[in-house]
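**Student:** Here you go, one structure.
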Amino acid sequence: MKIVVVHGSPRKGNTYKATKQFKEEMEKQGDIEFVDFFLPKDMPEFCHGCMNCFLKGELTCPHARYTMPILDQMVSADGLIFTTPVFALSLSGCMKSFLDHYAYIFIVHRARSEMFHKKAFILASTVGAGSKAAIKTISTSLKYWGVNRVYSYSFTTFGTEWNNIETEKKSKIKSDIADKAKKFYTEVDSGKKHTPYLFISFMFKMSRFILKKYADETSLDKQYWIKKGWYSGEKSPF
Ligand SMILES: Cc1cc2nc3c(=O)[nH]c(=O)nc-3n(C[C@H](O)[C@H](O)[C@H](O)COP(=O)(O)O)c2cc1C
């Protein structure tokens with residue numbers, strides 16, 4: 001099993017240590033290979049909003065040398081893990097910037113078929129608040145990529161560094177992580193493709209309607225949908 005981990009902070013702090021435990025718990029379940037990407041090192045650029053990915057193709061993104069190898073790894077992985085500390089009541093800026101670069105693989109544009117059976121896990125840590133918003137933003141992107149199921153876990157530290165978290169609280173976090181990691185492994189290993197999220201299957205139909213009504217022949221999205229057989233309705237990614 002191959003799992004891609006995208007770390008939303010370079011700091012080897014609470015989020016990293018929890019992620020490390022999550023990975024170790026998954027390793028206990030069976031044969032597993034992790035491919036780690038650290039932000040911002042592995043995606044050191046903000047999206048410039050040039051629209052090249054939408055209009056001219058993803059290879060013309062000025063940051064394609066970063067985006068394409070990571071996407072290749074994500075596409076060929078069995079599962080995905082995204083981590084973030086909470087910054088200003090939301091996800092880290094580098095994680096947001098990372099996700100911005102992949103707006104063109106939203107289901108309304110050129111979603112990758114391989115995403116539709118994939119499972120993802122989001123792990124967030126916070127002093128006290130904001131993990132819900134952080135997780136929601138990441139989760140929304142992943143669902144729009146077509147990811148079949150997105151799971152998550154967050155924990156609050158109340159300002160304490162991982163090694164100093166009070167014993168009882170720490171053992172609760174650790175047992176939660178062990179439980180979630182085991183379940184995530186089992187879920188990925190099952191290869192089960194669940195019924196798609198309702199709003200995603202709705203968005204898929206809506207996108208086809210929009211493409212038919214508004215897109216001209218030069219639209220890369222339209223050409224992609226035709227090639228996939230999604231435009232005619234002959235094939236479906238679900
Ligand atoms: C720039 C910045 C902004 C933060 N904003 C919040 C916040 O809005 N709410 C909160 O509860 N904690 C906030 N924190 C605290 C971190 O979310 C928390 O300490 C987290 O566990 C740090 O993860 P790390 O140890 O992996 O870096 C912030 C930390 C930083 C560095």
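FYI, nothing fancy with the structure tokens labels: chains A, B, ... in order, residues from 1 per chain, ligands from 1 as they appear.
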Step one, run DSSP on the backbone; step two, keep only residues of region 13-237 of chain A assigned to strand (DSSP E or B); then write them as a ChimeraX atom specification.
**Tutor:** /A:33-38,79-85,87,90,119-126,149-156
**Student:** Write out as JSON lines a residue-level contact list of region 31-107 of chain A versus region 111-133 of chain A with cut-off 7 Å: for each qualifying residue the closest pair of atoms and the distance in Å to one decimal, counting only C-alpha atoms, rows sorted by chain and residue number upward.
**Tutor:**
{"residue": "A:Val75", "atom": "CA", "partner": "A:Glu114", "partner_atom": "CA", "distance": 5.9}
{"residue": "A:Asp78", "atom": "CA", "partner": "A:Lys118", "partner_atom": "CA", "distance": 6.3}
{"residue": "A:Gly79", "atom": "CA", "partner": "A:Lys119", "partner_atom": "CA", "distance": 5.2}
{"residue": "A:Leu80", "atom": "CA", "partner": "A:Ala120", "partner_atom": "CA", "distance": 4.6}
{"residue": "A:Ile81", "atom": "CA", "partner": "A:Phe121", "partner_atom": "CA", "distance": 4.7}
{"residue": "A:Phe82", "atom": "CA", "partner": "A:Ile122", "partner_atom": "CA", "distance": 4.8}
{"residue": "A:Thr83", "atom": "CA", "partner": "A:Leu123", "partner_atom": "CA", "distance": 4.7}
{"residue": "A:Thr84", "atom": "CA", "partner": "A:Ala124", "partner_atom": "CA", "distance": 4.9}
{"residue": "A:Pro85", "atom": "CA", "partner": "A:Ser125", "partner_atom": "CA", "distance": 4.8}
{"residue": "A:Val86", "atom": "CA", "partner": "A:Thr126", "partner_atom": "CA", "distance": 5.1}
{"residue": "A:Leu89", "atom": "CA", "partner": "A:Gly130", "partner_atom": "CA", "distance": 3.9}
{"residue": "A:Ser90", "atom": "CA", "partner": "A:Ala133", "partner_atom": "CA", "distance": 5.3}
{"residue": "A:Ile105", "atom": "CA", "partner": "A:Ala111", "partner_atom": "CA", "distance": 4.3}
{"residue": "A:Phe106", "atom": "CA", "partner": "A:Ala111", "partner_atom": "CA", "distance": 5.3}
{"residue": "A:Ile107", "atom": "CA", "partner": "A:Ala111", "partner_atom": "CA", "distance": 4.7}
**Student:** Restrict the selected residues to N, CA, C and O atoms and save them as a compact mmCIF listing (two decimals), in the first residue's frame.
**Tutor:**
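As written to disk, result11.txt reads:
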# COMPACT_ATOMS: atom_id res chain seq x y z
N VAL A 75 -1.74 10.51 -7.46
CA VAL A 75 -2.60 9.72 -8.34
C VAL A 75 -2.29 8.22 -8.21
O VAL A 75 -3.19 7.38 -8.22
N ASP A 78 -2.44 4.76 -2.90
CA ASP A 78 -3.71 4.13 -2.49
C ASP A 78 -4.47 5.05 -1.55
O ASP A 78 -5.69 5.00 -1.47
N GLY A 79 -3.73 5.86 -0.81
CA GLY A 79 -4.39 6.76 0.14
C GLY A 79 -3.58 8.04 0.31
O GLY A 79 -2.39 8.08 -0.04
N LEU A 80 -4.24 9.06 0.82
CA LEU A 80 -3.60 10.37 0.98
C LEU A 80 -3.78 10.86 2.41
O LEU A 80 -4.86 10.68 2.99
N ILE A 81 -2.73 11.48 2.95
CA ILE A 81 -2.84 12.09 4.28
C ILE A 81 -2.39 13.55 4.16
O ILE A 81 -1.36 13.84 3.54
N PHE A 82 -3.19 14.44 4.71
CA PHE A 82 -2.86 15.87 4.71
C PHE A 82 -2.83 16.33 6.16
O PHE A 82 -3.74 16.00 6.92
N THR A 83 -1.81 17.10 6.52
CA THR A 83 -1.73 17.54 7.91
C THR A 83 -1.59 19.06 7.95
O THR A 83 -1.01 19.66 7.05
N THR A 84 -2.11 19.63 9.01
CA THR A 84 -1.95 21.08 9.18
C THR A 84 -2.05 21.48 10.64
O THR A 84 -2.90 20.96 11.36
N PRO A 85 -1.18 22.40 11.06
CA PRO A 85 -1.46 23.06 12.33
C PRO A 85 -2.50 24.14 12.05
O PRO A 85 -2.62 24.59 10.90
N VAL A 86 -3.27 24.53 13.05
CA VAL A 86 -4.23 25.62 12.83
C VAL A 86 -3.47 26.95 12.92
O VAL A 86 -2.76 27.21 13.88
N LEU A 89 -7.08 30.46 12.93
CA LEU A 89 -8.38 29.78 12.88
C LEU A 89 -8.65 29.05 11.57
O LEU A 89 -9.81 28.82 11.21
N SER A 90 -7.59 28.69 10.86
CA SER A 90 -7.81 27.93 9.63
C SER A 90 -6.57 27.08 9.34
O SER A 90 -5.74 26.88 10.22
N ILE A 105 -8.02 20.32 -11.02
CA ILE A 105 -8.49 18.92 -10.99
C ILE A 105 -9.80 18.79 -10.21
O ILE A 105 -10.21 17.69 -9.85
N PHE A 106 -10.44 19.92 -9.95
CA PHE A 106 -11.79 19.86 -9.38
C PHE A 106 -12.70 19.17 -10.39
O PHE A 106 -12.49 19.27 -11.61
N ILE A 107 -13.72 18.52 -9.87
CA ILE A 107 -14.63 17.76 -10.73
C ILE A 107 -15.26 18.62 -11.83
O ILE A 107 -15.57 18.13 -12.91
**Student:** Counting only C-alpha atoms and all ligand atoms, which of A:Ile177, A:Ile210, A:Leu198, A:Leu91 gets nearest to ligand 1?
**Tutor:**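 For ligand 1, the nearest of the given residues is A:Leu91.
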**Student:** Could you tell me, as a PyMOL selection string, which residues of region 44-162 of chain A DSSP assigns to helix (DSSP H, G or I) when given the backbone?
**Tutor:** chain A and resi 52-55+58-60+64-76+93-100+103-105+113-117+131-145+162
**Student:** Just the residues within 10 Å of Met43 (chain A), please, counting only C-alpha atoms, with nothing from its chain fewer than 5 positions along; format it as a list in words.
**Tutor:**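 Answer for this query is Phe37, Phe38, His63, Ala64, Arg65, Tyr66, Thr67, Ile70, Cys94, Met95, Ser97, Phe98 and His101 of chain A.
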**Student:** Take the residues from that selection and write them out as a short mmCIF file (atom, residue, chain, number, x, y, z; two decimals), in the first residue's frame, keeping all heavy atoms.
**Tutor:**
data_model
loop_
_atom_site.label_atom_id
_atom_site.label_comp_id
_atom_site.auth_asym_id
_atom_site.auth_seq_id
_atom_site.Cartn_x
_atom_site.Cartn_y
_atom_site.Cartn_z
N PHE A 37 5.76 14.66 1.51
CA PHE A 37 6.07 15.98 0.95
C PHE A 37 5.92 16.99 2.07
O PHE A 37 4.92 16.96 2.81
CB PHE A 37 5.13 16.33 -0.21
CG PHE A 37 5.34 15.44 -1.40
CD1 PHE A 37 4.46 14.39 -1.66
CD2 PHE A 37 6.43 15.63 -2.24
CE1 PHE A 37 4.66 13.55 -2.75
CE2 PHE A 37 6.63 14.79 -3.34
CZ PHE A 37 5.75 13.75 -3.59
N PHE A 38 6.91 17.85 2.19
CA PHE A 38 6.87 18.88 3.24
C PHE A 38 6.65 20.25 2.62
O PHE A 38 7.36 20.64 1.68
CB PHE A 38 8.18 18.86 4.04
CG PHE A 38 8.29 17.67 4.96
CD1 PHE A 38 8.82 16.47 4.50
CD2 PHE A 38 7.83 17.75 6.26
CE1 PHE A 38 8.89 15.36 5.33
CE2 PHE A 38 7.90 16.64 7.11
CZ PHE A 38 8.43 15.44 6.64
N HIS A 63 4.60 26.65 -12.01
CA HIS A 63 5.14 25.83 -10.91
C HIS A 63 4.98 24.34 -11.19
O HIS A 63 4.99 23.52 -10.27
CB HIS A 63 4.46 26.22 -9.59
CG HIS A 63 4.44 27.69 -9.37
ND1 HIS A 63 3.36 28.38 -8.89
CD2 HIS A 63 5.40 28.63 -9.64
CE1 HIS A 63 3.64 29.68 -8.86
NE2 HIS A 63 4.86 29.85 -9.31
N ALA A 64 4.82 24.00 -12.48
CA ALA A 64 4.58 22.59 -12.85
C ALA A 64 5.69 21.67 -12.37
O ALA A 64 5.45 20.49 -12.11
CB ALA A 64 4.40 22.48 -14.36
N ARG A 65 6.91 22.22 -12.24
CA ARG A 65 8.00 21.35 -11.79
C ARG A 65 7.76 20.88 -10.35
O ARG A 65 8.32 19.88 -9.91
CB ARG A 65 9.36 22.05 -11.91
CG ARG A 65 9.57 23.25 -11.02
CD ARG A 65 10.88 23.94 -11.39
NE ARG A 65 11.16 25.11 -10.58
CZ ARG A 65 10.57 26.29 -10.73
NH1 ARG A 65 9.62 26.46 -11.64
NH2 ARG A 65 10.90 27.32 -9.98
N TYR A 66 6.92 21.61 -9.62
CA TYR A 66 6.55 21.16 -8.26
C TYR A 66 5.23 20.38 -8.29
O TYR A 66 5.11 19.35 -7.65
CB TYR A 66 6.37 22.36 -7.32
CG TYR A 66 7.61 23.22 -7.20
CD1 TYR A 66 7.63 24.52 -7.70
CD2 TYR A 66 8.76 22.72 -6.60
CE1 TYR A 66 8.77 25.30 -7.60
CE2 TYR A 66 9.90 23.50 -6.50
CZ TYR A 66 9.90 24.79 -7.00
OH TYR A 66 11.02 25.56 -6.90
N THR A 67 4.25 20.94 -9.02
CA THR A 67 2.90 20.36 -8.94
C THR A 67 2.81 18.97 -9.58
O THR A 67 2.15 18.09 -9.04
CB THR A 67 1.86 21.26 -9.64
OG1 THR A 67 2.24 21.44 -11.01
CG2 THR A 67 1.73 22.61 -8.97
N ILE A 70 4.25 15.84 -7.65
CA ILE A 70 3.44 15.53 -6.46
C ILE A 70 2.10 14.92 -6.90
O ILE A 70 1.63 13.93 -6.33
CB ILE A 70 3.21 16.78 -5.57
CG1 ILE A 70 4.56 17.34 -5.10
CG2 ILE A 70 2.33 16.43 -4.36
CD1 ILE A 70 4.47 18.61 -4.25
N CYS A 94 0.67 27.54 3.68
CA CYS A 94 1.34 26.72 2.66
C CYS A 94 0.44 25.57 2.21
O CYS A 94 0.49 25.17 1.04
CB CYS A 94 2.72 26.25 3.11
SG CYS A 94 2.75 25.38 4.66
N MET A 95 -0.41 25.08 3.10
CA MET A 95 -1.34 24.03 2.67
C MET A 95 -2.40 24.62 1.75
O MET A 95 -2.77 24.02 0.74
CB MET A 95 -1.99 23.36 3.89
CG MET A 95 -2.98 22.26 3.56
SD MET A 95 -2.26 20.92 2.55
CE MET A 95 -1.56 19.87 3.82
N SER A 97 -2.02 27.19 -0.18
CA SER A 97 -1.34 27.46 -1.45
C SER A 97 -1.16 26.18 -2.26
O SER A 97 -1.35 26.16 -3.48
CB SER A 97 0.01 28.11 -1.15
OG SER A 97 0.72 28.27 -2.34
N PHE A 98 -0.83 25.11 -1.54
CA PHE A 98 -0.70 23.80 -2.19
C PHE A 98 -2.01 23.44 -2.89
O PHE A 98 -2.04 23.09 -4.07
CB PHE A 98 -0.34 22.76 -1.13
CG PHE A 98 -0.33 21.34 -1.61
CD1 PHE A 98 0.79 20.81 -2.21
CD2 PHE A 98 -1.45 20.53 -1.46
CE1 PHE A 98 0.80 19.49 -2.66
CE2 PHE A 98 -1.45 19.22 -1.89
CZ PHE A 98 -0.32 18.70 -2.50
N HIS A 101 -3.10 25.22 -6.14
CA HIS A 101 -2.46 24.77 -7.38
C HIS A 101 -3.22 23.62 -8.07
O HIS A 101 -2.95 23.32 -9.23
CB HIS A 101 -1.03 24.30 -7.11
CG HIS A 101 -0.05 25.42 -6.95
ND1 HIS A 101 0.25 26.01 -5.74
CD2 HIS A 101 0.70 26.07 -7.87
CE1 HIS A 101 1.15 26.96 -5.92
NE2 HIS A 101 1.44 27.02 -7.20
#
**Student:** Rounded to one decimal place, report the atom 23 (O, counted along the ligand's line) of ligand 1-CA of Phe22 (chain A) distance in Å.
**Tutor:** 15.3 Å
**Student:** With distances taken over only C-alpha atoms, which of A:Thr186, A:Thr157, A:Thr137, A:Thr19 is nearest to Lys170 (chain A)?
**Tutor:**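 The answer is A:Thr157, which sits nearest to Lys170 (chain A).
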**Student:** For Met68 (chain A), please output as a list in words all residues within 10 Å (counting only C-alpha atoms; exclusion window: fewer than 4 positions along the same chain).
**Tutor:**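 So the residues in contact are Glu58, Leu59, Cys61, His63, Ala64, Asp72, Gln73, Met74 and Tyr102 of chain A.
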**Student:** Would you output that residue set with C-alpha atoms, as a short mmCIF file (atom, residue, chain, number, x, y, z; two decimals), in the first residue's frame?
**Tutor:**
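The file below, part.cif, is the result:
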data_model
loop_
_atom_site.label_atom_id
_atom_site.label_comp_id
_atom_site.auth_asym_id
_atom_site.auth_seq_id
_atom_site.Cartn_x
_atom_site.Cartn_y
_atom_site.Cartn_z
CA GLU A 58 -1.46 22.03 -16.25
CA LEU A 59 1.98 21.61 -17.81
CA CYS A 61 1.66 26.18 -14.78
CA HIS A 63 5.14 25.83 -10.91
CA ALA A 64 4.58 22.59 -12.85
CA ASP A 72 1.80 11.86 -10.07
CA GLN A 73 2.56 10.49 -6.62
CA MET A 74 -0.93 11.29 -5.32
CA TYR A 102 -4.83 21.85 -7.90
#
**Student:** Considering only C-alpha atoms, return as a CSV table (one decimal) with all heavy atoms, in the first residue's frame whatever protein or nucleic-acid residues lie within 10 Å of Lys23 (chain A), sequence-local ones (same chain, fewer than 2 positions apart) excluded.
**Tutor:**
chain,number,residue,atom,x,y,z
A,3,ILE,N,1.0,5.3,0.5
A,3,ILE,CA,0.3,6.5,1.1
A,3,ILE,C,1.2,7.7,0.9
A,3,ILE,O,2.4,7.8,1.3
A,3,ILE,CB,0.1,6.3,2.6
A,3,ILE,CG1,-0.7,5.0,2.9
A,3,ILE,CG2,-0.6,7.5,3.2
A,3,ILE,CD1,-2.2,5.0,2.6
A,5,VAL,N,1.9,11.5,2.0
A,5,VAL,CA,1.6,12.4,3.1
A,5,VAL,C,2.1,13.8,2.8
A,5,VAL,O,3.2,14.0,2.4
A,5,VAL,CB,2.4,11.9,4.4
A,5,VAL,CG1,2.0,12.7,5.6
A,5,VAL,CG2,2.2,10.4,4.7
A,17,LYS,N,4.5,15.2,15.1
A,17,LYS,CA,4.6,14.1,16.0
A,17,LYS,C,3.4,13.2,16.0
A,17,LYS,O,3.5,12.0,16.1
A,17,LYS,CB,5.0,14.6,17.4
A,17,LYS,CG,6.4,15.2,17.4
A,17,LYS,CD,6.9,15.5,18.8
A,17,LYS,CE,8.4,16.0,18.7
A,17,LYS,NZ,8.5,17.4,18.9
A,18,ALA,N,2.2,13.9,15.9
A,18,ALA,CA,1.0,13.1,15.8
A,18,ALA,C,0.9,12.3,14.5
A,18,ALA,O,0.5,11.1,14.5
A,18,ALA,CB,-0.2,14.0,15.9
A,19,THR,N,1.4,12.9,13.4
A,19,THR,CA,1.4,12.3,12.1
A,19,THR,C,2.4,11.1,12.2
A,19,THR,O,2.1,10.0,11.6
A,19,THR,CB,1.9,13.3,11.0
A,19,THR,OG1,1.1,14.4,11.1
A,19,THR,CG2,1.8,12.7,9.6
A,20,LYS,N,3.5,11.3,12.8
A,20,LYS,CA,4.5,10.2,12.9
A,20,LYS,C,3.9,9.0,13.6
A,20,LYS,O,4.0,7.9,13.2
A,20,LYS,CB,5.7,10.7,13.8
A,20,LYS,CG,6.9,9.8,13.8
A,20,LYS,CD,8.1,10.5,14.4
A,20,LYS,CE,9.3,9.6,14.6
A,20,LYS,NZ,9.2,8.8,15.8
A,21,GLN,N,3.1,9.3,14.7
A,21,GLN,CA,2.5,8.2,15.4
A,21,GLN,C,1.4,7.5,14.5
A,21,GLN,O,1.3,6.3,14.4
A,21,GLN,CB,1.8,8.6,16.7
A,21,GLN,CG,1.4,7.4,17.6
A,21,GLN,CD,0.1,7.7,18.4
A,21,GLN,OE1,-0.2,8.8,18.8
A,21,GLN,NE2,-0.6,6.6,18.6
A,25,GLU,N,1.3,3.6,13.5
A,25,GLU,CA,0.2,2.7,13.7
A,25,GLU,C,-0.2,2.1,12.4
A,25,GLU,O,-0.6,0.9,12.4
A,25,GLU,CB,-1.0,3.5,14.3
A,25,GLU,CG,-0.7,4.2,15.6
A,25,GLU,CD,-0.5,3.2,16.8
A,25,GLU,OE1,-0.8,2.0,16.6
A,25,GLU,OE2,0.0,3.6,17.8
A,26,MET,N,-0.2,2.8,11.3
A,26,MET,CA,-0.6,2.2,10.0
A,26,MET,C,0.4,1.1,9.6
A,26,MET,O,0.1,0.0,9.1
A,26,MET,CB,-0.6,3.2,8.9
A,26,MET,CG,-1.9,4.1,9.0
A,26,MET,SD,-2.0,5.2,7.5
A,26,MET,CE,-2.8,4.0,6.3
A,27,GLU,N,1.7,1.4,9.9
A,27,GLU,CA,2.8,0.4,9.6
A,27,GLU,C,2.5,-0.9,10.4
A,27,GLU,O,2.9,-2.0,9.9
A,27,GLU,CB,4.1,1.0,10.0
A,27,GLU,CG,4.7,1.8,8.8
A,27,GLU,CD,5.9,2.6,9.2
A,27,GLU,OE1,6.1,2.8,10.4
A,27,GLU,OE2,6.6,3.1,8.3
A,28,LYS,N,2.0,-0.8,11.6
A,28,LYS,CA,1.7,-2.1,12.3
A,28,LYS,C,0.7,-2.9,11.7
A,28,LYS,O,0.6,-4.1,12.0
A,28,LYS,CB,1.2,-1.7,13.7
A,28,LYS,CG,2.2,-1.1,14.7
A,28,LYS,CD,1.6,-0.8,16.0
A,28,LYS,CE,2.5,0.1,16.8
A,28,LYS,NZ,1.7,0.7,18.0
A,32,ILE,N,3.4,-1.2,4.0
A,32,ILE,CA,3.1,0.1,3.6
A,32,ILE,C,4.3,0.9,3.3
A,32,ILE,O,5.3,0.8,3.9
A,32,ILE,CB,2.2,0.8,4.8
A,32,ILE,CG1,1.6,2.1,4.4
A,32,ILE,CG2,3.0,0.9,6.0
A,32,ILE,CD1,0.4,2.5,5.3
A,33,GLU,N,4.1,1.8,2.3
A,33,GLU,CA,5.2,2.7,1.9
A,33,GLU,C,4.6,4.1,1.9
A,33,GLU,O,3.6,4.4,1.4
A,33,GLU,CB,5.6,2.4,0.4
A,33,GLU,CG,6.6,3.3,-0.2
A,33,GLU,CD,6.5,3.4,-1.7
A,33,GLU,OE1,5.7,2.7,-2.3
A,33,GLU,OE2,7.3,4.3,-2.3
A,34,PHE,N,5.4,5.0,2.6
A,34,PHE,CA,5.0,6.4,2.7
A,34,PHE,C,5.8,7.3,1.8
A,34,PHE,O,7.1,7.1,1.7
A,34,PHE,CB,5.1,6.9,4.1
A,34,PHE,CG,4.1,6.3,5.1
A,34,PHE,CD1,4.5,5.3,6.0
A,34,PHE,CD2,2.8,6.7,5.1
A,34,PHE,CE1,3.6,4.8,6.9
A,34,PHE,CE2,1.8,6.2,5.9
A,34,PHE,CZ,2.2,5.2,6.8
A,81,ILE,N,-2.7,11.5,2.9
A,81,ILE,CA,-2.8,12.1,4.3
A,81,ILE,C,-2.4,13.5,4.2
A,81,ILE,O,-1.4,13.8,3.5
A,81,ILE,CB,-1.9,11.4,5.3
A,81,ILE,CG1,-2.4,9.9,5.5
A,81,ILE,CG2,-2.0,12.1,6.7
A,81,ILE,CD1,-1.5,9.1,6.4
A,177,ILE,N,-5.5,8.4,17.9
A,177,ILE,CA,-4.7,8.3,16.7
A,177,ILE,C,-4.6,6.8,16.3
A,177,ILE,O,-4.7,6.5,15.1
A,177,ILE,CB,-3.4,9.0,16.9
A,177,ILE,CG1,-3.6,10.5,16.9
A,177,ILE,CG2,-2.4,8.7,15.7
A,177,ILE,CD1,-2.4,11.3,17.3
A,178,ALA,N,-4.3,6.0,17.3
A,178,ALA,CA,-4.1,4.5,17.0
A,178,ALA,C,-5.4,4.0,16.3
A,178,ALA,O,-5.3,3.2,15.3
A,178,ALA,CB,-3.7,3.8,18.2
A,181,ALA,N,-5.9,5.5,12.8
A,181,ALA,CA,-4.9,5.0,11.8
A,181,ALA,C,-5.3,3.5,11.4
A,181,ALA,O,-5.2,3.2,10.2
A,181,ALA,CB,-3.5,5.0,12.5
A,182,LYS,N,-5.7,2.8,12.4
A,182,LYS,CA,-6.0,1.4,12.1
A,182,LYS,C,-7.2,1.3,11.2
A,182,LYS,O,-7.3,0.6,10.2
A,182,LYS,CB,-6.4,0.7,13.4
A,182,LYS,CG,-6.4,-0.8,13.3
A,182,LYS,CD,-6.6,-1.4,14.7
A,182,LYS,CE,-7.0,-2.9,14.5
A,182,LYS,NZ,-7.4,-3.5,15.8
A,185,TYR,N,-6.2,2.5,7.7
A,185,TYR,CA,-5.5,1.4,7.0
A,185,TYR,C,-6.5,0.4,6.4
A,185,TYR,O,-6.5,0.0,5.2
A,185,TYR,CB,-4.5,0.7,7.9
A,185,TYR,CG,-3.8,-0.4,7.2
A,185,TYR,CD1,-2.5,-0.1,6.6
A,185,TYR,CD2,-4.3,-1.7,7.0
A,185,TYR,CE1,-1.8,-1.1,5.9
A,185,TYR,CE2,-3.6,-2.7,6.3
A,185,TYR,CZ,-2.4,-2.4,5.8
A,185,TYR,OH,-1.7,-3.3,5.1
